[in-house]
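Right, one structure below, let's go through it.
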Amino acid sequence: MVAAPMVFIDIQHREITIKLVYYGPGLSGKTTNLQQLHRMFTGHTQCELITLDTRDDRTLFFDLLPIDCSTKGGMQVKLKLFTVPGQVMHNATRKIVLQGADGVAFVADSRVSETRSNNESFANLKQNLHGNGLSLEDVALVIQFNKRDLPGIRSDGEIARISAKGKEPVYRATAIEGSGVADTFLGLSSLSWQKLERRYDIERKFGVTGEDLLGQLTTMVYPTRTFDGREST
Amino acid sequence: MTDAAAVTDQRPTLDQLLRRDVLERLLRPFLAFGCDGLMLFDTNGTPFCGAMTPSGPLTAWEQLPPEALAAGKGGKTRGFGQGEHMFEVRPAHAGADRVGLLVFSAPAHSGNMPSLALVADALTGVVSALLQAGFATWVTSELHLAASESSYQAIQQRNAELERAVDHLRELDGLKSNFLATVSHELRTPLTAVIGFSEMLLQGIAGDVNNEQREYLQTILERAGQLLSLITSVLEMSHMESGAMPLDLAPSSLGELVEAAISTLLPTAQRANVVLEHHLDEVALPLVLCDAEKIARVLLNLLGNAIKFTRPGGRVSIAAELAPIRRPFKEETFFGEEVRDALCVVVSDTGIGVPSEQIARIFDAFYQVDASPTREHGGAGLGLSIVKNLVTAHGGDIWAESALGVGTSFYFTLPLAQVPC
C-alpha cells in the first residue's frame, strides 16, 4: 500500500489542516525554531506553543505550534508545526509524529563535528518515512543549516556544495537569534503547498490560492515585506 | 477500578468548563433589550460571570430574593416578580450534574422586552450547550490524565524492578571478576614454579638429562607457557572489567609500534608460511595519543590472530590512514565527510573468514566462531575481547569486515596526538 501525505480537509467546517514537522538530530535547534516562529506570530494569529514534557531543555514528546489563516475562498487553513525529539533513543515518538506529515524541515547542525549526527538523523528520517509508507519524494523537504554563529561550522561554499547534491531548498539560520527561521518556514510552507496543490488540486476545488496563503504568512513573519519579497513602503 | 472511580468522583469547576470572556460576550448584548442583569452563579452561590447594568440587582447571591435562593438550591426552573423586578432562575447542567444557576432579571415594566422567560430559556439553552461541550473536553482530558498517570506508575514500578535486577547482576558480575582475578593469580603462582623448574632441569642444573627427557621437558615448558598466557589473559580481562586499567598516554609513532610487532611475529609467520607485510612507510602518518605498551599488545594480538587463521601461502598485511574516530556511517553521506581526527589501522588477512552472522559477536569474551569440540584452532576466546577493551579505553573504535574464504579485515582507530585544525 502506498500512503500519501495526509492533508486533512474538513468540508463541513471549511478547514484545511497541513502538518509540518521539524526533524533533525538532538540539540540542533528544532524547538528554538518553533519558539522563534511563535514569537513572530504573536499578535497575528491565536497560536500557542504547546510543549509536552521536556527534561533538561530536551524535547521528550513533541512541541506543537498551530497557526490559523483565513483565506479568500472562505476556507480556514491550519498549519500544525511539530518538532520531534532528536535523541536517538526516542525513535518510536519520532515515527509517530512523522505520520501524515505534508512537509519536513530538516534542521541540521552546521558544525563539522556534528556531520555524523546529521547523517544519522537524515538516514533515520528516510527510514521512518519509509516505515510510515512514505518516501522523501512524497513530502516537501527543506533543509536548514542552523547554528551559523558557532565556530567550527561548514563554510557557505561547503553548504553550497552539499545543497547542490540534492534538489531540496537549503537555508542557513541562527535560530537562537531568529535569523533564517522565517525563511525556512516560508520555504517549507510554500513547497508543501505546491506538493498538495499538485496532488489534490486545492485551488480549483476550494478556491484557496497559494499566493493568498503565502502572502498572509509572509505578512505575519515579515510585517514590511510582500509575498514576492519586495519591501513595502 | 479505583482510578475510574476517582475520575467520576471529581467535579469540574465552572472555570474548567466555560471561558468567562465567552459567556460575557454572549450575555452582554441582552442588556440592550431591557434586561438589567444576567448572571451565572456557581453551586456555592458565588457569581461566576455575567453582565448587568450598574443599578442591576445581581451583584451578589445574598442580594437575590429568597424565592430565587430556594429555586437555586432545589435546582428548579422558576420565574417570579419581586417589587419592581422580574426574575427568572434556570439551573445549568454539565453532564448529569448541576454546576450552577443562571439568574436573569429585568425591571417589571420594561416596555421593549418580549418575555424574560423566553430570553432566559433561549440563553440557558446556549449556555448549556457550551457547558456540555466544555464538560466533554474536561472528561476527555481527565481520562487521558488518569490513563497516563496509571501508565506512568506502572513504568515507575517496572523501572524500580529493573534497577534492582541490574544492581543484582552488577554485583554478581563484580563477584565473577573478583573470583577470576583471585583464581588466576592463585593459578599463576604454582605455574611459575613449574616453568622455572622445567627450565632449570633443561639447563642441566640438576644433572644431565637424556634426549627423551629433554623432549618431555620441552613439551612441559611449551604447554605451561600456553597455560600461563591463557591465565594472564583471564587476569587481564578481569582487571579491565573491574575498571582497573590505567593508561600511560603519550604521543607515539604507529610505524615504530608496527615494526616492533612484525619483527616479533615474523618467525611465527615464517613457520606458518604466511607473508607478513606493512604499508606504513608509503605515507607520512601523524603521531597518535596512546599507551604504547597496550597498543603493541593490540597489534600483536590482531596480527597473531590473522596469522593463525591464514592458510599457508596466504598474506597478512597492515596499513593505516587518517579517518574519523568512529566506524564510518555509510548509509548516508549527504551532510558530507566527518572530521578525520584519528588514525585508522587495518589488519587484513587472506584467511578463512568469519560468517557474517557471527561477525558482530567476535569481540565478546569467550566467544568462539568455531565452538565445536573438534575445532582446529586453540584459544580461550579472550584475545579480541581484550583488544576491544584496550582500543575503546583509548577512545577509539574497533570493528571487522569479513568474507568467507576470502579473508578478514580488522579496523581500529586511535586519536591523533594533535587534532587537525
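Here's how to read the names in the C-alpha cells: chain A, B, ... by the order shown, residue numbers from 1 in each chain, ligand numbers from 1 in the order shown.
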
Would you kindly report the residues of chain A within 9 Å of chain B, using only C-alpha atoms, as a CSV table (one decimal) with N, CA and C atoms, in the first residue's frame?
chain,number,residue,atom,x,y,z
A,108,ALA,N,19.6,20.9,10.5
A,108,ALA,CA,21.0,20.3,10.7
A,108,ALA,C,21.8,21.2,11.5
A,112,VAL,N,31.0,21.1,11.8
A,112,VAL,CA,31.6,19.9,11.1
A,112,VAL,C,31.6,18.7,12.0
A,113,SER,N,31.8,19.0,13.3
A,113,SER,CA,31.9,17.8,14.2
A,113,SER,C,30.5,17.1,14.4
A,114,GLU,N,29.4,17.8,13.9
A,114,GLU,CA,28.1,17.2,14.0
A,114,GLU,C,27.7,16.5,12.7
A,115,THR,N,28.6,16.4,11.8
A,115,THR,CA,28.3,15.8,10.5
A,115,THR,C,27.7,14.4,10.7
A,116,ARG,N,28.2,13.6,11.5
A,116,ARG,CA,27.7,12.2,11.7
A,116,ARG,C,26.3,12.3,12.2
A,118,ASN,N,24.1,14.6,11.9
A,118,ASN,CA,23.2,15.0,10.8
A,118,ASN,C,22.9,13.8,9.8
A,119,ASN,N,24.0,13.1,9.4
A,119,ASN,CA,23.8,12.0,8.5
A,119,ASN,C,23.0,10.9,9.1
A,120,GLU,N,23.2,10.6,10.4
A,120,GLU,CA,22.4,9.5,11.0
A,120,GLU,C,21.0,9.9,11.1
A,122,PHE,N,19.4,12.0,9.2
A,122,PHE,CA,18.8,12.1,7.9
A,122,PHE,C,18.4,10.7,7.4
A,123,ALA,N,19.3,9.7,7.7
A,123,ALA,CA,19.0,8.3,7.4
A,123,ALA,C,17.8,7.8,8.2
A,158,GLU,N,31.0,25.2,1.3
A,158,GLU,CA,30.7,23.8,1.6
A,158,GLU,C,29.2,23.5,1.6
A,159,ILE,N,28.4,24.4,2.2
A,159,ILE,CA,27.0,24.2,2.2
A,159,ILE,C,26.4,24.3,0.8
A,162,ILE,N,27.1,21.0,-0.7
A,162,ILE,CA,26.2,19.9,-0.2
A,162,ILE,C,24.8,20.1,-0.8
A,163,SER,N,24.3,21.4,-0.9
A,163,SER,CA,23.0,21.5,-1.4
A,163,SER,C,22.9,21.2,-2.9
A,165,LYS,N,24.0,18.7,-4.1
A,165,LYS,CA,23.9,17.3,-4.3
A,165,LYS,C,22.4,16.9,-4.4
A,166,GLY,N,21.5,17.7,-3.7
A,166,GLY,CA,20.1,17.3,-3.7
A,166,GLY,C,19.3,18.4,-4.3

- Message: Could you list, as an MDAnalysis selection string, every residue within 10 Å of region 186-200 of chain B, counting only C-alpha atoms and ignoring same-chain residues fewer than 6 positions away?
- Response: chainID B and resid 180 206:207 214 216:225 227:229 231:232 235

Near region 271-288 of chain B, within 7 Å and counting only C-alpha atoms, which residues show up once chain neighbours fewer than 6 positions away are dropped, as a PDB file with C-alpha atoms, in the first residue's frame?
ATOM      1  CA  PRO B 251      52.329  10.750  21.536  1.00  0.00           C
ATOM      2  CA  SER B 252      53.634   7.646  19.776  1.00  0.00           C
ATOM      3  CA  SER B 253      54.654   6.647  16.296  1.00  0.00           C
ATOM      4  CA  LEU B 254      52.420   3.928  14.977  1.00  0.00           C
ATOM      5  CA  GLY B 255      55.084   2.938  12.425  1.00  0.00           C
ATOM      6  CA  ILE B 307      48.461 -15.428  11.015  1.00  0.00           C
ATOM      7  CA  PRO B 312      49.999 -21.454   4.218  1.00  0.00           C
ATOM      8  CA  GLY B 313      50.771 -19.317   1.209  1.00  0.00           C
ATOM      9  CA  GLY B 314      48.412 -16.579   2.397  1.00  0.00           C
ATOM     10  CA  ARG B 315      49.165 -12.984   3.271  1.00  0.00           C
ATOM     11  CA  VAL B 316      48.692 -10.749   6.317  1.00  0.00           C
ATOM     12  CA  SER B 317      49.122  -7.023   5.859  1.00  0.00           C
ATOM     13  CA  ILE B 318      48.767  -3.909   7.943  1.00  0.00           C
ATOM     14  CA  ALA B 319      48.062  -0.376   6.751  1.00  0.00           C
ATOM     15  CA  ALA B 320      46.848   2.900   8.242  1.00  0.00           C
ATOM     16  CA  LEU B 414      43.281   5.796  17.684  1.00  0.00           C
ATOM     17  CA  PRO B 415      43.060   9.528  18.407  1.00  0.00           C
ATOM     18  CA  LEU B 416      45.750  11.763  16.903  1.00  0.00           C
ATOM     19  CA  ALA B 417      48.227  13.335  19.304  1.00  0.00           C
TER      20      ALA B 417
END

- Message: Residues within 12 Å of Leu129 (chain A), please, as a PyMOL selection string. Count only C-alpha atoms; anything in the same chain fewer than 2 positions from it doesn't count.
- Response: chain A and resi 2-5+21+23+91+94-104+122-127+131-139+141

Preceding selection exported with N, CA and C atoms as a CSV table (one decimal), in the first residue's frame:
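Listing of selection-v8.csv after writing:
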chain,number,residue,atom,x,y,z
A,2,VAL,N,0.6,2.2,-0.9
A,2,VAL,CA,1.3,3.4,-0.9
A,2,VAL,C,0.5,4.5,-0.2
A,3,ALA,N,1.1,5.1,0.9
A,3,ALA,CA,0.4,6.1,1.6
A,3,ALA,C,0.8,7.5,1.0
A,4,ALA,N,-0.2,8.4,1.1
A,4,ALA,CA,0.1,9.7,0.6
A,4,ALA,C,0.1,10.7,1.8
A,5,PRO,N,0.8,11.9,1.6
A,5,PRO,CA,0.7,12.8,2.7
A,5,PRO,C,-0.8,13.1,3.0
A,21,VAL,N,6.6,19.1,9.9
A,21,VAL,CA,7.4,18.6,11.0
A,21,VAL,C,8.8,19.1,10.9
A,23,TYR,N,12.4,18.2,11.8
A,23,TYR,CA,13.2,17.0,12.1
A,23,TYR,C,14.6,17.3,12.3
A,91,ASN,N,13.1,7.1,19.1
A,91,ASN,CA,12.7,6.9,17.7
A,91,ASN,C,11.2,6.6,17.6
A,94,ARG,N,9.4,9.7,17.4
A,94,ARG,CA,9.7,10.4,16.1
A,94,ARG,C,8.8,9.8,15.0
A,95,LYS,N,8.7,8.5,15.0
A,95,LYS,CA,8.0,7.8,13.9
A,95,LYS,C,6.5,8.2,13.9
A,96,ILE,N,6.0,8.3,15.2
A,96,ILE,CA,4.5,8.6,15.3
A,96,ILE,C,4.3,10.1,14.9
A,97,VAL,N,5.2,11.0,15.3
A,97,VAL,CA,5.0,12.4,15.0
A,97,VAL,C,5.1,12.6,13.5
A,98,LEU,N,5.9,11.8,12.8
A,98,LEU,CA,6.1,11.9,11.4
A,98,LEU,C,4.9,11.4,10.6
A,99,GLN,N,4.0,10.7,11.2
A,99,GLN,CA,2.8,10.1,10.5
A,99,GLN,C,2.0,11.2,9.8
A,100,GLY,N,1.8,11.1,8.6
A,100,GLY,CA,0.9,12.0,7.9
A,100,GLY,C,1.5,13.4,7.7
A,101,ALA,N,2.8,13.5,7.7
A,101,ALA,CA,3.4,14.8,7.5
A,101,ALA,C,3.3,15.2,6.1
A,102,ASP,N,3.0,16.5,5.8
A,102,ASP,CA,2.9,17.0,4.5
A,102,ASP,C,4.3,17.6,4.1
A,103,GLY,N,5.0,18.2,5.1
A,103,GLY,CA,6.3,18.8,4.9
A,103,GLY,C,7.2,18.6,6.0
A,104,VAL,N,8.5,18.5,5.7
A,104,VAL,CA,9.5,18.3,6.7
A,104,VAL,C,10.6,19.3,6.6
A,122,PHE,N,19.4,12.0,9.2
A,122,PHE,CA,18.8,12.1,7.9
A,122,PHE,C,18.4,10.7,7.4
A,123,ALA,N,19.3,9.7,7.7
A,123,ALA,CA,19.0,8.3,7.4
A,123,ALA,C,17.8,7.8,8.2
A,124,ASN,N,17.8,8.3,9.4
A,124,ASN,CA,16.6,7.9,10.3
A,124,ASN,C,15.3,8.5,9.8
A,125,LEU,N,15.4,9.7,9.3
A,125,LEU,CA,14.2,10.4,8.7
A,125,LEU,C,13.7,9.5,7.5
A,126,LYS,N,14.6,9.1,6.6
A,126,LYS,CA,14.2,8.3,5.5
A,126,LYS,C,13.6,7.0,5.9
A,127,GLN,N,14.2,6.4,6.9
A,127,GLN,CA,13.8,5.1,7.4
A,127,GLN,C,12.4,5.2,8.0
A,131,GLY,N,8.9,3.7,7.0
A,131,GLY,CA,8.1,3.0,8.0
A,131,GLY,C,6.6,3.4,8.0
A,132,ASN,N,6.4,4.7,7.6
A,132,ASN,CA,5.1,5.2,7.6
A,132,ASN,C,4.5,5.1,6.2
A,133,GLY,N,5.1,4.4,5.3
A,133,GLY,CA,4.6,4.2,3.9
A,133,GLY,C,4.9,5.4,3.0
A,134,LEU,N,5.8,6.2,3.4
A,134,LEU,CA,6.2,7.4,2.6
A,134,LEU,C,7.6,7.4,2.1
A,135,SER,N,7.9,8.2,1.2
A,135,SER,CA,9.3,8.4,0.8
A,135,SER,C,9.7,9.9,0.8
A,136,LEU,N,10.9,10.2,0.6
A,136,LEU,CA,11.3,11.6,0.6
A,136,LEU,C,10.6,12.4,-0.5
A,137,GLU,N,10.3,11.7,-1.6
A,137,GLU,CA,9.7,12.3,-2.7
A,137,GLU,C,8.2,12.7,-2.4
A,138,ASP,N,7.6,12.0,-1.5
A,138,ASP,CA,6.2,12.2,-1.2
A,138,ASP,C,6.0,13.5,-0.3
A,139,VAL,N,7.0,13.8,0.5
A,139,VAL,CA,6.8,15.0,1.3
A,139,VAL,C,7.6,16.2,0.8
A,141,LEU,N,10.4,18.7,1.4
A,141,LEU,CA,11.5,18.7,2.3
A,141,LEU,C,12.4,19.9,2.1

- Query: Of the candidates A:Ile16, A:Cys69, A:Leu150, A:Met40, which one gets nearest to Glu203 (chain A) if we count only C-alpha atoms?
  - Reply: A:Ile16

- Query: So, counting only C-alpha atoms, which residue among A:Gly86, A:Thr209, A:Ala160, A:Gln144 is closest to Gln194 (chain A)?
  - Reply: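 Using only C-alpha atoms, the shortest distance to Gln194 (chain A) belongs to A:Thr209.
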
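Among the residues of region 263-343 of chain B, backbone DSSP assigns alpha helix (DSSP H) to Ser263, Thr264, Leu265, Leu266, Pro267, Thr268, Ala269, Gln270, Arg271, Ala292, Glu293, Lys294, Ile295, Ala296, Arg297, Val298, Leu299, Leu300, Asn301, Leu302, Leu303, Gly304, Asn305, Ala306, Ile307 and Lys308 of chain B.
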